[in-house]
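Student: Structure file protein_21.pdb, PDB, C-alpha atoms, is pasted below:
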MODEL        1
ATOM      1  CA  MET A   1      41.102  -4.405 169.200  1.00  0.00           C
ATOM      2  CA  ASP A   2      44.247  -2.546 168.122  1.00  0.00           C
ATOM      3  CA  ILE A   3      47.743  -2.946 169.531  1.00  0.00           C
ATOM      4  CA  ILE A   4      50.454  -0.326 169.169  1.00  0.00           C
ATOM      5  CA  GLU A   5      53.872  -1.547 170.201  1.00  0.00           C
ATOM      6  CA  ASN A   6      57.046   0.435 170.753  1.00  0.00           C
ATOM      7  CA  THR A   7      60.212   0.197 172.782  1.00  0.00           C
ATOM      8  CA  GLU A   8      61.699   3.068 174.752  1.00  0.00           C
ATOM      9  CA  ASP A   9      64.471   2.963 177.375  1.00  0.00           C
ATOM     10  CA  GLY A  10      64.451  -0.835 177.081  1.00  0.00           C
ATOM     11  CA  ILE A  11      60.767  -1.002 178.048  1.00  0.00           C
ATOM     12  CA  ALA A  12      58.405  -2.640 175.550  1.00  0.00           C
ATOM     13  CA  THR A  13      55.141  -0.704 175.630  1.00  0.00           C
ATOM     14  CA  PHE A  14      51.889  -2.160 174.304  1.00  0.00           C
ATOM     15  CA  LYS A  15      48.946   0.161 173.943  1.00  0.00           C
ATOM     16  CA  VAL A  16      45.807  -1.944 173.768  1.00  0.00           C
ATOM     17  CA  ALA A  17      42.768  -0.138 172.387  1.00  0.00           C
ATOM     18  CA  GLY A  18      39.261  -1.562 172.232  1.00  0.00           C
ATOM     19  CA  ARG A  19      38.025  -4.898 173.516  1.00  0.00           C
ATOM     20  CA  LEU A  20      39.946  -7.814 175.020  1.00  0.00           C
ATOM     21  CA  ASP A  21      37.347 -10.570 174.860  1.00  0.00           C
ATOM     22  CA  SER A  22      37.182 -14.313 174.182  1.00  0.00           C
ATOM     23  CA  LYS A  23      37.557 -13.620 170.457  1.00  0.00           C
ATOM     24  CA  THR A  24      40.294 -10.971 170.384  1.00  0.00           C
ATOM     25  CA  SER A  25      42.513 -11.951 173.337  1.00  0.00           C
ATOM     26  CA  GLY A  26      44.356 -14.644 171.378  1.00  0.00           C
ATOM     27  CA  ALA A  27      45.953 -12.089 169.045  1.00  0.00           C
ATOM     28  CA  PHE A  28      47.186  -9.980 171.970  1.00  0.00           C
ATOM     29  CA  ASP A  29      48.437 -13.118 173.733  1.00  0.00           C
ATOM     30  CA  ARG A  30      50.572 -14.009 170.687  1.00  0.00           C
ATOM     31  CA  ARG A  31      52.022 -10.492 170.398  1.00  0.00           C
ATOM     32  CA  LEU A  32      52.921 -10.397 174.089  1.00  0.00           C
ATOM     33  CA  SER A  33      54.333 -13.962 174.179  1.00  0.00           C
ATOM     34  CA  ASP A  34      56.431 -13.340 171.060  1.00  0.00           C
ATOM     35  CA  ALA A  35      57.869 -10.144 172.516  1.00  0.00           C
ATOM     36  CA  ILE A  36      58.817 -11.841 175.805  1.00  0.00           C
ATOM     37  CA  GLU A  37      60.204 -14.827 173.894  1.00  0.00           C
ATOM     38  CA  ASN A  38      62.323 -12.415 171.854  1.00  0.00           C
ATOM     39  CA  GLY A  39      63.828 -10.838 174.944  1.00  0.00           C
ATOM     40  CA  SER A  40      61.472  -8.027 175.930  1.00  0.00           C
ATOM     41  CA  LEU A  41      61.526  -8.635 179.664  1.00  0.00           C
ATOM     42  CA  GLN A  42      60.304  -5.233 180.783  1.00  0.00           C
ATOM     43  CA  VAL A  43      56.746  -4.799 179.627  1.00  0.00           C
ATOM     44  CA  LEU A  44      54.372  -1.879 180.116  1.00  0.00           C
ATOM     45  CA  VAL A  45      50.762  -2.230 178.968  1.00  0.00           C
ATOM     46  CA  ASP A  46      49.001   1.074 178.380  1.00  0.00           C
ATOM     47  CA  CYS A  47      45.313   0.409 179.125  1.00  0.00           C
ATOM     48  CA  SER A  48      44.103   4.002 178.680  1.00  0.00           C
ATOM     49  CA  GLU A  49      42.038   2.997 175.632  1.00  0.00           C
ATOM     50  CA  LEU A  50      41.058  -0.474 176.819  1.00  0.00           C
ATOM     51  CA  ALA A  51      37.258  -0.257 176.758  1.00  0.00           C
ATOM     52  CA  TYR A  52      36.391  -3.799 177.803  1.00  0.00           C
ATOM     53  CA  ILE A  53      37.968  -6.926 179.276  1.00  0.00           C
ATOM     54  CA  SER A  54      36.626 -10.391 180.160  1.00  0.00           C
ATOM     55  CA  SER A  55      38.243 -13.432 181.809  1.00  0.00           C
ATOM     56  CA  ALA A  56      39.908 -14.292 178.466  1.00  0.00           C
ATOM     57  CA  GLY A  57      41.706 -10.937 178.556  1.00  0.00           C
ATOM     58  CA  LEU A  58      42.723 -11.384 182.196  1.00  0.00           C
ATOM     59  CA  ARG A  59      44.332 -14.723 181.347  1.00  0.00           C
ATOM     60  CA  VAL A  60      46.643 -13.048 178.828  1.00  0.00           C
ATOM     61  CA  PHE A  61      48.105 -10.876 181.582  1.00  0.00           C
ATOM     62  CA  ILE A  62      48.457 -13.726 184.068  1.00  0.00           C
ATOM     63  CA  LYS A  63      50.113 -15.857 181.405  1.00  0.00           C
ATOM     64  CA  ALA A  64      52.604 -13.083 180.603  1.00  0.00           C
ATOM     65  CA  ALA A  65      53.342 -12.547 184.308  1.00  0.00           C
ATOM     66  CA  LYS A  66      53.937 -16.295 184.723  1.00  0.00           C
ATOM     67  CA  HIS A  67      56.146 -16.340 181.637  1.00  0.00           C
ATOM     68  CA  LEU A  68      58.308 -13.538 183.061  1.00  0.00           C
ATOM     69  CA  GLN A  69      58.334 -15.204 186.493  1.00  0.00           C
ATOM     70  CA  ARG A  70      59.609 -18.415 184.883  1.00  0.00           C
ATOM     71  CA  ILE A  71      62.400 -16.526 183.122  1.00  0.00           C
ATOM     72  CA  GLY A  72      63.105 -14.995 186.521  1.00  0.00           C
ATOM     73  CA  ASP A  73      64.225 -11.581 185.389  1.00  0.00           C
ATOM     74  CA  GLY A  74      61.546  -9.264 184.150  1.00  0.00           C
ATOM     75  CA  ALA A  75      58.504  -7.210 185.007  1.00  0.00           C
ATOM     76  CA  ILE A  76      55.081  -6.458 183.634  1.00  0.00           C
ATOM     77  CA  VAL A  77      53.200  -3.370 184.759  1.00  0.00           C
ATOM     78  CA  LEU A  78      49.773  -2.180 183.603  1.00  0.00           C
ATOM     79  CA  CYS A  79      48.836   1.470 183.568  1.00  0.00           C
ATOM     80  CA  ALA A  80      46.102   4.076 183.114  1.00  0.00           C
ATOM     81  CA  MET A  81      43.043   1.822 183.152  1.00  0.00           C
ATOM     82  CA  GLU A  82      39.439   2.928 183.663  1.00  0.00           C
ATOM     83  CA  ASP A  83      37.981   2.203 187.123  1.00  0.00           C
ATOM     84  CA  TYR A  84      35.535  -0.401 185.819  1.00  0.00           C
ATOM     85  CA  VAL A  85      38.337  -2.265 184.015  1.00  0.00           C
ATOM     86  CA  ARG A  86      40.447  -2.182 187.161  1.00  0.00           C
ATOM     87  CA  GLU A  87      37.485  -3.605 189.086  1.00  0.00           C
ATOM     88  CA  VAL A  88      37.677  -6.784 186.967  1.00  0.00           C
ATOM     89  CA  PHE A  89      41.329  -7.257 187.957  1.00  0.00           C
ATOM     90  CA  GLU A  90      40.377  -6.689 191.600  1.00  0.00           C
ATOM     91  CA  ILE A  91      37.480  -9.190 191.596  1.00  0.00           C
ATOM     92  CA  ALA A  92      39.861 -11.787 190.146  1.00  0.00           C
ATOM     93  CA  GLY A  93      42.490 -10.865 192.741  1.00  0.00           C
ATOM     94  CA  PHE A  94      45.032 -10.252 189.972  1.00  0.00           C
ATOM     95  CA  ASP A  95      45.861  -6.748 191.166  1.00  0.00           C
ATOM     96  CA  SER A  96      47.942  -8.302 193.947  1.00  0.00           C
ATOM     97  CA  PHE A  97      50.117 -10.155 191.390  1.00  0.00           C
ATOM     98  CA  ILE A  98      50.374  -7.618 188.619  1.00  0.00           C
ATOM     99  CA  PRO A  99      51.201  -4.004 189.491  1.00  0.00           C
ATOM    100  CA  ILE A 100      48.695  -1.488 188.132  1.00  0.00           C
ATOM    101  CA  ALA A 101      49.904   2.103 187.943  1.00  0.00           C
ATOM    102  CA  GLY A 102      47.601   5.128 187.767  1.00  0.00           C
ATOM    103  CA  THR A 103      49.513   6.700 184.910  1.00  0.00           C
ATOM    104  CA  CYS A 104      51.934   5.335 182.310  1.00  0.00           C
ATOM    105  CA  GLU A 105      54.698   7.571 183.697  1.00  0.00           C
ATOM    106  CA  GLU A 106      54.258   5.942 187.130  1.00  0.00           C
ATOM    107  CA  GLY A 107      54.232   2.587 185.361  1.00  0.00           C
ATOM    108  CA  ARG A 108      57.596   3.291 183.718  1.00  0.00           C
ATOM    109  CA  GLU A 109      59.034   4.350 187.090  1.00  0.00           C
ATOM    110  CA  LYS A 110      57.778   1.131 188.690  1.00  0.00           C
ATOM    111  CA  ILE A 111      59.481  -0.942 185.991  1.00  0.00           C
ATOM    112  CA  LEU A 112      62.766   0.961 186.169  1.00  0.00           C
ATOM    113  CA  ALA A 113      62.751   0.602 189.978  1.00  0.00           C
ATOM    114  CA  SER A 114      62.121  -3.161 189.807  1.00  0.00           C
TER     115      SER A 114
ATOM    116  CA  MET B   1       3.642   6.951 190.608  1.00  0.00           C
ATOM    117  CA  ALA B   2       3.076   5.529 187.136  1.00  0.00           C
ATOM    118  CA  ARG B   3       5.018   2.409 186.306  1.00  0.00           C
ATOM    119  CA  SER B   4       7.369   2.826 183.398  1.00  0.00           C
ATOM    120  CA  PRO B   5       6.662   0.360 180.598  1.00  0.00           C
ATOM    121  CA  GLU B   6       8.686  -2.824 180.547  1.00  0.00           C
ATOM    122  CA  LYS B   7      11.537  -2.789 178.049  1.00  0.00           C
ATOM    123  CA  GLN B   8      12.518  -6.047 176.418  1.00  0.00           C
ATOM    124  CA  ILE B   9      14.716  -7.234 173.586  1.00  0.00           C
ATOM    125  CA  SER B  10      15.346 -10.739 172.258  1.00  0.00           C
ATOM    126  CA  PHE B  11      18.007 -11.910 169.837  1.00  0.00           C
ATOM    127  CA  GLN B  12      19.847 -15.018 168.733  1.00  0.00           C
ATOM    128  CA  LEU B  13      23.545 -15.720 168.274  1.00  0.00           C
ATOM    129  CA  LYS B  14      25.275 -18.632 166.578  1.00  0.00           C
ATOM    130  CA  ASN B  15      27.574 -20.710 168.795  1.00  0.00           C
ATOM    131  CA  ASP B  16      30.701 -19.009 167.487  1.00  0.00           C
ATOM    132  CA  LEU B  17      32.968 -16.504 169.229  1.00  0.00           C
ATOM    133  CA  SER B  18      32.817 -14.256 166.152  1.00  0.00           C
ATOM    134  CA  GLU B  19      29.296 -13.429 167.424  1.00  0.00           C
ATOM    135  CA  LEU B  20      30.749 -11.500 170.393  1.00  0.00           C
ATOM    136  CA  SER B  21      30.760  -8.283 168.382  1.00  0.00           C
ATOM    137  CA  GLU B  22      27.059  -8.827 167.615  1.00  0.00           C
ATOM    138  CA  LEU B  23      26.459  -9.478 171.337  1.00  0.00           C
ATOM    139  CA  ALA B  24      28.124  -6.145 172.141  1.00  0.00           C
ATOM    140  CA  ARG B  25      25.960  -4.382 169.504  1.00  0.00           C
ATOM    141  CA  GLN B  26      22.756  -5.900 170.887  1.00  0.00           C
ATOM    142  CA  LEU B  27      23.707  -4.914 174.438  1.00  0.00           C
ATOM    143  CA  GLU B  28      24.363  -1.345 173.341  1.00  0.00           C
ATOM    144  CA  ARG B  29      20.882  -1.340 171.827  1.00  0.00           C
ATOM    145  CA  PHE B  30      19.445  -2.655 175.109  1.00  0.00           C
ATOM    146  CA  ALA B  31      21.420  -0.113 177.140  1.00  0.00           C
ATOM    147  CA  GLU B  32      19.974   2.671 175.042  1.00  0.00           C
ATOM    148  CA  THR B  33      16.414   1.334 175.364  1.00  0.00           C
ATOM    149  CA  ALA B  34      16.776   0.647 179.085  1.00  0.00           C
ATOM    150  CA  ASP B  35      18.744   3.829 179.788  1.00  0.00           C
ATOM    151  CA  LEU B  36      21.702   1.997 181.353  1.00  0.00           C
ATOM    152  CA  PRO B  37      24.853   3.840 182.400  1.00  0.00           C
ATOM    153  CA  ARG B  38      28.194   2.805 180.866  1.00  0.00           C
ATOM    154  CA  GLU B  39      29.383   0.819 183.921  1.00  0.00           C
ATOM    155  CA  ALA B  40      26.162  -1.218 184.000  1.00  0.00           C
ATOM    156  CA  LEU B  41      26.526  -1.994 180.282  1.00  0.00           C
ATOM    157  CA  PHE B  42      30.136  -3.109 180.883  1.00  0.00           C
ATOM    158  CA  ARG B  43      29.116  -5.514 183.674  1.00  0.00           C
ATOM    159  CA  LEU B  44      26.190  -6.857 181.668  1.00  0.00           C
ATOM    160  CA  ASN B  45      28.445  -7.499 178.683  1.00  0.00           C
ATOM    161  CA  LEU B  46      31.003  -9.226 180.919  1.00  0.00           C
ATOM    162  CA  ALA B  47      28.418 -11.549 182.509  1.00  0.00           C
ATOM    163  CA  LEU B  48      26.811 -12.462 179.188  1.00  0.00           C
ATOM    164  CA  GLU B  49      30.142 -13.021 177.422  1.00  0.00           C
ATOM    165  CA  GLU B  50      31.293 -15.447 180.118  1.00  0.00           C
ATOM    166  CA  VAL B  51      28.050 -17.447 179.875  1.00  0.00           C
ATOM    167  CA  PHE B  52      28.031 -17.389 176.064  1.00  0.00           C
ATOM    168  CA  ALA B  53      31.730 -18.380 175.789  1.00  0.00           C
ATOM    169  CA  ASN B  54      31.053 -21.403 178.038  1.00  0.00           C
ATOM    170  CA  ILE B  55      28.244 -22.508 175.732  1.00  0.00           C
ATOM    171  CA  VAL B  56      30.497 -22.098 172.678  1.00  0.00           C
ATOM    172  CA  TYR B  57      33.384 -24.031 174.294  1.00  0.00           C
ATOM    173  CA  TYR B  58      31.490 -26.797 176.080  1.00  0.00           C
ATOM    174  CA  GLY B  59      27.893 -26.900 174.814  1.00  0.00           C
ATOM    175  CA  TYR B  60      28.164 -28.914 171.622  1.00  0.00           C
ATOM    176  CA  ALA B  61      30.301 -31.867 170.591  1.00  0.00           C
ATOM    177  CA  ASP B  62      29.594 -31.501 166.856  1.00  0.00           C
ATOM    178  CA  ASP B  63      30.757 -28.814 164.427  1.00  0.00           C
ATOM    179  CA  ALA B  64      27.261 -27.840 163.324  1.00  0.00           C
ATOM    180  CA  VAL B  65      25.888 -24.344 163.793  1.00  0.00           C
ATOM    181  CA  HIS B  66      23.591 -23.996 166.796  1.00  0.00           C
ATOM    182  CA  VAL B  67      21.590 -21.057 168.042  1.00  0.00           C
ATOM    183  CA  VAL B  68      21.693 -19.455 171.495  1.00  0.00           C
ATOM    184  CA  ASP B  69      18.654 -17.384 172.524  1.00  0.00           C
ATOM    185  CA  PHE B  70      18.881 -14.228 174.606  1.00  0.00           C
ATOM    186  CA  THR B  71      16.036 -12.294 176.217  1.00  0.00           C
ATOM    187  CA  LEU B  72      16.768  -9.127 178.182  1.00  0.00           C
ATOM    188  CA  ILE B  73      14.066  -7.394 180.206  1.00  0.00           C
ATOM    189  CA  ARG B  74      14.092  -4.202 182.194  1.00  0.00           C
ATOM    190  CA  ASP B  75      11.217  -3.270 184.493  1.00  0.00           C
ATOM    191  CA  ASP B  76      10.784  -0.984 187.509  1.00  0.00           C
ATOM    192  CA  SER B  77      12.663  -3.173 189.946  1.00  0.00           C
ATOM    193  CA  GLY B  78      15.607  -4.250 187.833  1.00  0.00           C
ATOM    194  CA  MET B  79      16.718  -6.389 184.946  1.00  0.00           C
ATOM    195  CA  THR B  80      16.302 -10.033 184.005  1.00  0.00           C
ATOM    196  CA  PHE B  81      18.470 -11.833 181.453  1.00  0.00           C
ATOM    197  CA  ARG B  82      17.615 -15.267 180.070  1.00  0.00           C
ATOM    198  CA  ILE B  83      20.031 -17.338 178.024  1.00  0.00           C
ATOM    199  CA  THR B  84      18.753 -20.565 176.486  1.00  0.00           C
ATOM    200  CA  ASP B  85      20.699 -23.189 174.533  1.00  0.00           C
ATOM    201  CA  GLY B  86      20.166 -26.747 173.351  1.00  0.00           C
ATOM    202  CA  GLY B  87      23.622 -28.005 174.256  1.00  0.00           C
ATOM    203  CA  VAL B  88      24.597 -30.768 176.658  1.00  0.00           C
ATOM    204  CA  PRO B  89      23.117 -30.377 180.160  1.00  0.00           C
ATOM    205  CA  PHE B  90      25.422 -27.941 181.889  1.00  0.00           C
ATOM    206  CA  ASN B  91      24.820 -26.112 185.144  1.00  0.00           C
ATOM    207  CA  PRO B  92      27.536 -23.455 185.347  1.00  0.00           C
ATOM    208  CA  LEU B  93      26.721 -22.888 189.027  1.00  0.00           C
ATOM    209  CA  THR B  94      27.754 -26.379 190.108  1.00  0.00           C
ATOM    210  CA  ALA B  95      30.198 -27.336 187.379  1.00  0.00           C
ATOM    211  CA  PRO B  96      32.706 -24.658 186.495  1.00  0.00           C
ATOM    212  CA  PRO B  97      34.680 -25.912 183.520  1.00  0.00           C
ATOM    213  CA  PRO B  98      38.360 -26.560 184.108  1.00  0.00           C
ATOM    214  CA  ASP B  99      40.795 -23.811 183.250  1.00  0.00           C
ATOM    215  CA  THR B 100      43.892 -24.903 181.384  1.00  0.00           C
ATOM    216  CA  LEU B 101      45.886 -21.945 182.606  1.00  0.00           C
ATOM    217  CA  CYS B 102      45.154 -22.226 186.259  1.00  0.00           C
ATOM    218  CA  PHE B 103      47.728 -20.592 188.456  1.00  0.00           C
ATOM    219  CA  LEU B 104      50.297 -17.951 189.075  1.00  0.00           C
ATOM    220  CA  SER B 105      52.557 -19.803 191.445  1.00  0.00           C
ATOM    221  CA  GLU B 106      49.877 -21.728 193.373  1.00  0.00           C
ATOM    222  CA  ARG B 107      46.997 -19.388 192.873  1.00  0.00           C
ATOM    223  CA  GLN B 108      43.989 -21.090 191.296  1.00  0.00           C
ATOM    224  CA  VAL B 109      41.966 -19.119 188.819  1.00  0.00           C
ATOM    225  CA  GLY B 110      39.655 -21.956 187.794  1.00  0.00           C
ATOM    226  CA  GLY B 111      36.074 -20.809 187.465  1.00  0.00           C
ATOM    227  CA  LEU B 112      37.223 -17.246 186.899  1.00  0.00           C
ATOM    228  CA  GLY B 113      34.479 -16.536 184.358  1.00  0.00           C
ATOM    229  CA  LEU B 114      31.809 -17.708 186.805  1.00  0.00           C
ATOM    230  CA  ALA B 115      33.255 -15.550 189.586  1.00  0.00           C
ATOM    231  CA  LEU B 116      33.074 -12.498 187.334  1.00  0.00           C
ATOM    232  CA  THR B 117      29.509 -13.348 186.273  1.00  0.00           C
ATOM    233  CA  LYS B 118      28.408 -13.756 189.909  1.00  0.00           C
ATOM    234  CA  HIS B 119      29.972 -10.432 190.803  1.00  0.00           C
ATOM    235  CA  CYS B 120      28.007  -8.680 188.064  1.00  0.00           C
ATOM    236  CA  MET B 121      24.629 -10.226 188.955  1.00  0.00           C
ATOM    237  CA  ASP B 122      22.474 -10.437 192.102  1.00  0.00           C
ATOM    238  CA  ASP B 123      21.050 -13.855 191.385  1.00  0.00           C
ATOM    239  CA  ILE B 124      21.664 -16.687 188.906  1.00  0.00           C
ATOM    240  CA  GLN B 125      19.330 -19.671 188.447  1.00  0.00           C
ATOM    241  CA  TYR B 126      19.864 -22.694 186.250  1.00  0.00           C
ATOM    242  CA  ARG B 127      17.124 -25.008 184.991  1.00  0.00           C
ATOM    243  CA  ARG B 128      17.127 -27.839 182.482  1.00  0.00           C
ATOM    244  CA  ILE B 129      13.804 -27.651 180.652  1.00  0.00           C
ATOM    245  CA  GLY B 130      13.323 -30.503 178.193  1.00  0.00           C
ATOM    246  CA  ASP B 131      16.477 -30.514 176.077  1.00  0.00           C
ATOM    247  CA  ARG B 132      17.336 -26.880 176.824  1.00  0.00           C
ATOM    248  CA  ASN B 133      19.624 -25.202 179.350  1.00  0.00           C
ATOM    249  CA  VAL B 134      17.928 -22.099 180.725  1.00  0.00           C
ATOM    250  CA  LEU B 135      20.020 -19.652 182.722  1.00  0.00           C
ATOM    251  CA  THR B 136      18.189 -16.737 184.313  1.00  0.00           C
ATOM    252  CA  MET B 137      20.170 -13.912 185.867  1.00  0.00           C
ATOM    253  CA  THR B 138      18.762 -10.899 187.660  1.00  0.00           C
ATOM    254  CA  LYS B 139      20.143  -7.555 188.697  1.00  0.00           C
ATOM    255  CA  SER B 140      18.146  -5.175 190.889  1.00  0.00           C
ATOM    256  CA  PHE B 141      18.435  -1.401 190.789  1.00  0.00           C
TER     257      PHE B 141
ENDMDL
END
Translate this file's structure into structure tokens.

Tutor:
Amino acid sequence: MDIIENTEDGIATFKVAGRLDSKTSGAFDRRLSDAIENGSLQVLVDCSELAYISSAGLRVFIKAAKHLQRIGDGAIVLCAMEDYVREVFEIAGFDSFIPIAGTCEEGREKILAS
Amino acid sequence: MARSPEKQISFQLKNDLSELSELARQLERFAETADLPREALFRLNLALEEVFANIVYYGYADDAVHVVDFTLIRDDSGMTFRITDGGVPFNPLTAPPPDTLCFLSERQVGGLGLALTKHCMDDIQYRRIGDRNVLTMTKSF
């Protein structure tokens, strides 16, 4: 799993490439938690190269959403995921808590509008 | 119509999450042998990771290395996956392990791994045979 992080227009973007599984999710969790802790309250996760996700990966996103909810002023939006990755979010019912945009541009618009 | 020959692979993993990359490699090998499309491989990997991670987290109280056995079979009607371990008796179908991170507001996500596994499979059977847990999952075509 590789993570590329950059900030543009006040939005912290994480591009996650590869596999978010029980082994690798911890590293992504730390990166995301640290960023939120350090004041990145608008978070976009580019999932265009996310090849695989399990329940351990899902928990990272729910944890980040909860973290932002607790702070009370922030947003996390996911974008550009493959259909079969999106299906995992849907089975878990997480797609009703975490917005998933078709493209990263739509994702940015969702965050700026929130 | 001639029956296509049964395709089967067996392998073993140590009870350590670092083995997940080996699991993925073995499943790619099976997918190639069994001619599985990408989505089917994804769901198979998801189901087997959830089961394997449970065994790693909850199966053994000691720090010793233990072995988990996998057998994957494809025949004309579908696929059968058998996971066998010598850990504590654990039926994942009746005893989902507690999740430490369990809600967004009030939403419970306990047993999330099991829900994903069930979604990916048609049938899951648990049996305790001697001192082994045997989980058999099937997926029809």

Student: Choose the residue, out of A:Ala56, A:Val85, A:Leu112, A:Ala64, that has the smallest atom-to-atom separation from Ile100 of chain A; count only C-alpha atoms.

Tutor: A:Val85

Student: Report the residues retrieved by the PyMOL selection byres ((chain A and resi 5-13) around 7) from the displayed file, expressed as number ranges by chain.

Tutor: A: 3-4, 14-15, 40, 42-46

Student: Can you pull out the residues contacting Phe28 of chain A? Cut-off 8 Å, using all atoms listed in the file, and skip same-chain residues under 4 positions away; I want them as a JSON list (two decimals) with C-alpha atoms, in the coordinates of the input.

Tutor:
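And here is the file that came out, around31.json:
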[["chain", "number", "residue", "atom", "x", "y", "z"],
["A", 3, "ILE", "CA", 47.74, -2.95, 169.53],
["A", 24, "THR", "CA", 40.29, -10.97, 170.38],
["A", 32, "LEU", "CA", 52.92, -10.40, 174.09],
["A", 60, "VAL", "CA", 46.64, -13.05, 178.83]]

Student: Pull out every residue that the PyMOL selection byres ((chain B and resi 55-69) around 9) matches in the shown coordinates and put them as a short mmCIF file (atom, residue, chain, number, x, y, z; two decimals) with C-alpha atoms, in the frame of the given file.

Tutor:
data_model
loop_
_atom_site.label_atom_id
_atom_site.label_comp_id
_atom_site.auth_asym_id
_atom_site.auth_seq_id
_atom_site.Cartn_x
_atom_site.Cartn_y
_atom_site.Cartn_z
CA SER B 10 15.35 -10.74 172.26
CA PHE B 11 18.01 -11.91 169.84
CA GLN B 12 19.85 -15.02 168.73
CA LEU B 13 23.54 -15.72 168.27
CA LYS B 14 25.28 -18.63 166.58
CA ASN B 15 27.57 -20.71 168.80
CA ASP B 16 30.70 -19.01 167.49
CA LEU B 17 32.97 -16.50 169.23
CA GLU B 50 31.29 -15.45 180.12
CA VAL B 51 28.05 -17.45 179.88
CA PHE B 52 28.03 -17.39 176.06
CA ALA B 53 31.73 -18.38 175.79
CA ASN B 54 31.05 -21.40 178.04
CA PHE B 70 18.88 -14.23 174.61
CA THR B 71 16.04 -12.29 176.22
CA ARG B 82 17.61 -15.27 180.07
CA ILE B 83 20.03 -17.34 178.02
CA THR B 84 18.75 -20.56 176.49
CA ASP B 85 20.70 -23.19 174.53
CA GLY B 86 20.17 -26.75 173.35
CA GLY B 87 23.62 -28.00 174.26
CA VAL B 88 24.60 -30.77 176.66
CA PRO B 89 23.12 -30.38 180.16
CA PHE B 90 25.42 -27.94 181.89
CA PRO B 97 34.68 -25.91 183.52
#

Student: For the provided coordinates, the residues matched by the ChimeraX specification (/B :<9) & /A should be stated as a ChimeraX atom specification.

Tutor: /A:21-23,51-56,59,62-63,65-66,69,84-85,88,91-92,97

Student: Write out the residues from the selection above, keeping C-alpha atoms, as a tab-separated table (two decimals), keeping the file's coordinate frame.

Tutor:
chain	number	residue	atom	x	y	z
A	21	ASP	CA	37.35	-10.57	174.86
A	22	SER	CA	37.18	-14.31	174.18
A	23	LYS	CA	37.56	-13.62	170.46
A	51	ALA	CA	37.26	-0.26	176.76
A	52	TYR	CA	36.39	-3.80	177.80
A	53	ILE	CA	37.97	-6.93	179.28
A	54	SER	CA	36.63	-10.39	180.16
A	55	SER	CA	38.24	-13.43	181.81
A	56	ALA	CA	39.91	-14.29	178.47
A	59	ARG	CA	44.33	-14.72	181.35
A	62	ILE	CA	48.46	-13.73	184.07
A	63	LYS	CA	50.11	-15.86	181.40
A	65	ALA	CA	53.34	-12.55	184.31
A	66	LYS	CA	53.94	-16.30	184.72
A	69	GLN	CA	58.33	-15.20	186.49
A	84	TYR	CA	35.53	-0.40	185.82
A	85	VAL	CA	38.34	-2.26	184.02
A	88	VAL	CA	37.68	-6.78	186.97
A	91	ILE	CA	37.48	-9.19	191.60
A	92	ALA	CA	39.86	-11.79	190.15
A	97	PHE	CA	50.12	-10.15	191.39

Student: What's the separation between atom CA of Ser33 of chain A and atom CA of Gly72 of chain A, in Å to one decimal place?

Tutor: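 Separating atom CA of Ser33 of chain A from atom CA of Gly72 of chain A is a distance of 15.2 Å.
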
Student: Could you work out how far atom CA of Glu106 of chain A lies from atom CA of Glu49 of chain A, giving the answer in Å with one decimal?

Tutor: 17.0 Å

Student: Could you give me, as a ChimeraX atom specification, the residues within 10 Å of Ser48 of chain A, counting only C-alpha atoms and dropping anything in the same chain fewer than 6 positions from it?

Tutor: /A:15-18,78-82,102-104

Student: Rounded to one decimal in Å, what is the spacing between atom CA of Arg19 of chain A and atom CA of Pro37 of chain B?

Tutor: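 About the pair atom CA of Arg19 of chain A and atom CA of Pro37 of chain B: they are 18.1 Å apart.
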
Student: Output segment 46-55 of chain A as a PDB file, keeping the file's coordinate frame, making sure N, CA and C atoms are there.

Tutor:
ATOM      1  N   ASP A  46      49.783  -0.155 178.261  1.00  0.00           N
ATOM      2  CA  ASP A  46      49.001   1.074 178.380  1.00  0.00           C
ATOM      3  C   ASP A  46      47.523   0.729 178.139  1.00  0.00           C
ATOM      4  N   CYS A  47      46.722   0.811 179.209  1.00  0.00           N
ATOM      5  CA  CYS A  47      45.313   0.409 179.125  1.00  0.00           C
ATOM      6  C   CYS A  47      44.379   1.609 179.017  1.00  0.00           C
ATOM      7  N   SER A  48      44.926   2.789 178.678  1.00  0.00           N
ATOM      8  CA  SER A  48      44.103   4.002 178.680  1.00  0.00           C
ATOM      9  C   SER A  48      42.961   3.932 177.666  1.00  0.00           C
ATOM     10  N   GLU A  49      43.124   3.121 176.624  1.00  0.00           N
ATOM     11  CA  GLU A  49      42.038   2.997 175.632  1.00  0.00           C
ATOM     12  C   GLU A  49      41.433   1.599 175.607  1.00  0.00           C
ATOM     13  N   LEU A  50      41.665   0.860 176.699  1.00  0.00           N
ATOM     14  CA  LEU A  50      41.058  -0.474 176.819  1.00  0.00           C
ATOM     15  C   LEU A  50      39.617  -0.296 177.319  1.00  0.00           C
ATOM     16  N   ALA A  51      38.660  -0.549 176.435  1.00  0.00           N
ATOM     17  CA  ALA A  51      37.258  -0.257 176.758  1.00  0.00           C
ATOM     18  C   ALA A  51      36.574  -1.409 177.473  1.00  0.00           C
ATOM     19  N   TYR A  52      37.120  -2.613 177.301  1.00  0.00           N
ATOM     20  CA  TYR A  52      36.391  -3.799 177.803  1.00  0.00           C
ATOM     21  C   TYR A  52      37.366  -4.945 178.007  1.00  0.00           C
ATOM     22  N   ILE A  53      37.149  -5.729 179.060  1.00  0.00           N
ATOM     23  CA  ILE A  53      37.968  -6.926 179.276  1.00  0.00           C
ATOM     24  C   ILE A  53      37.107  -8.001 179.932  1.00  0.00           C
ATOM     25  N   SER A  54      37.313  -9.261 179.521  1.00  0.00           N
ATOM     26  CA  SER A  54      36.626 -10.391 180.160  1.00  0.00           C
ATOM     27  C   SER A  54      37.697 -11.338 180.706  1.00  0.00           C
ATOM     28  N   SER A  55      37.274 -12.507 181.206  1.00  0.00           N
ATOM     29  CA  SER A  55      38.243 -13.432 181.809  1.00  0.00           C
ATOM     30  C   SER A  55      39.314 -13.855 180.792  1.00  0.00           C
TER      31      SER A  55
END
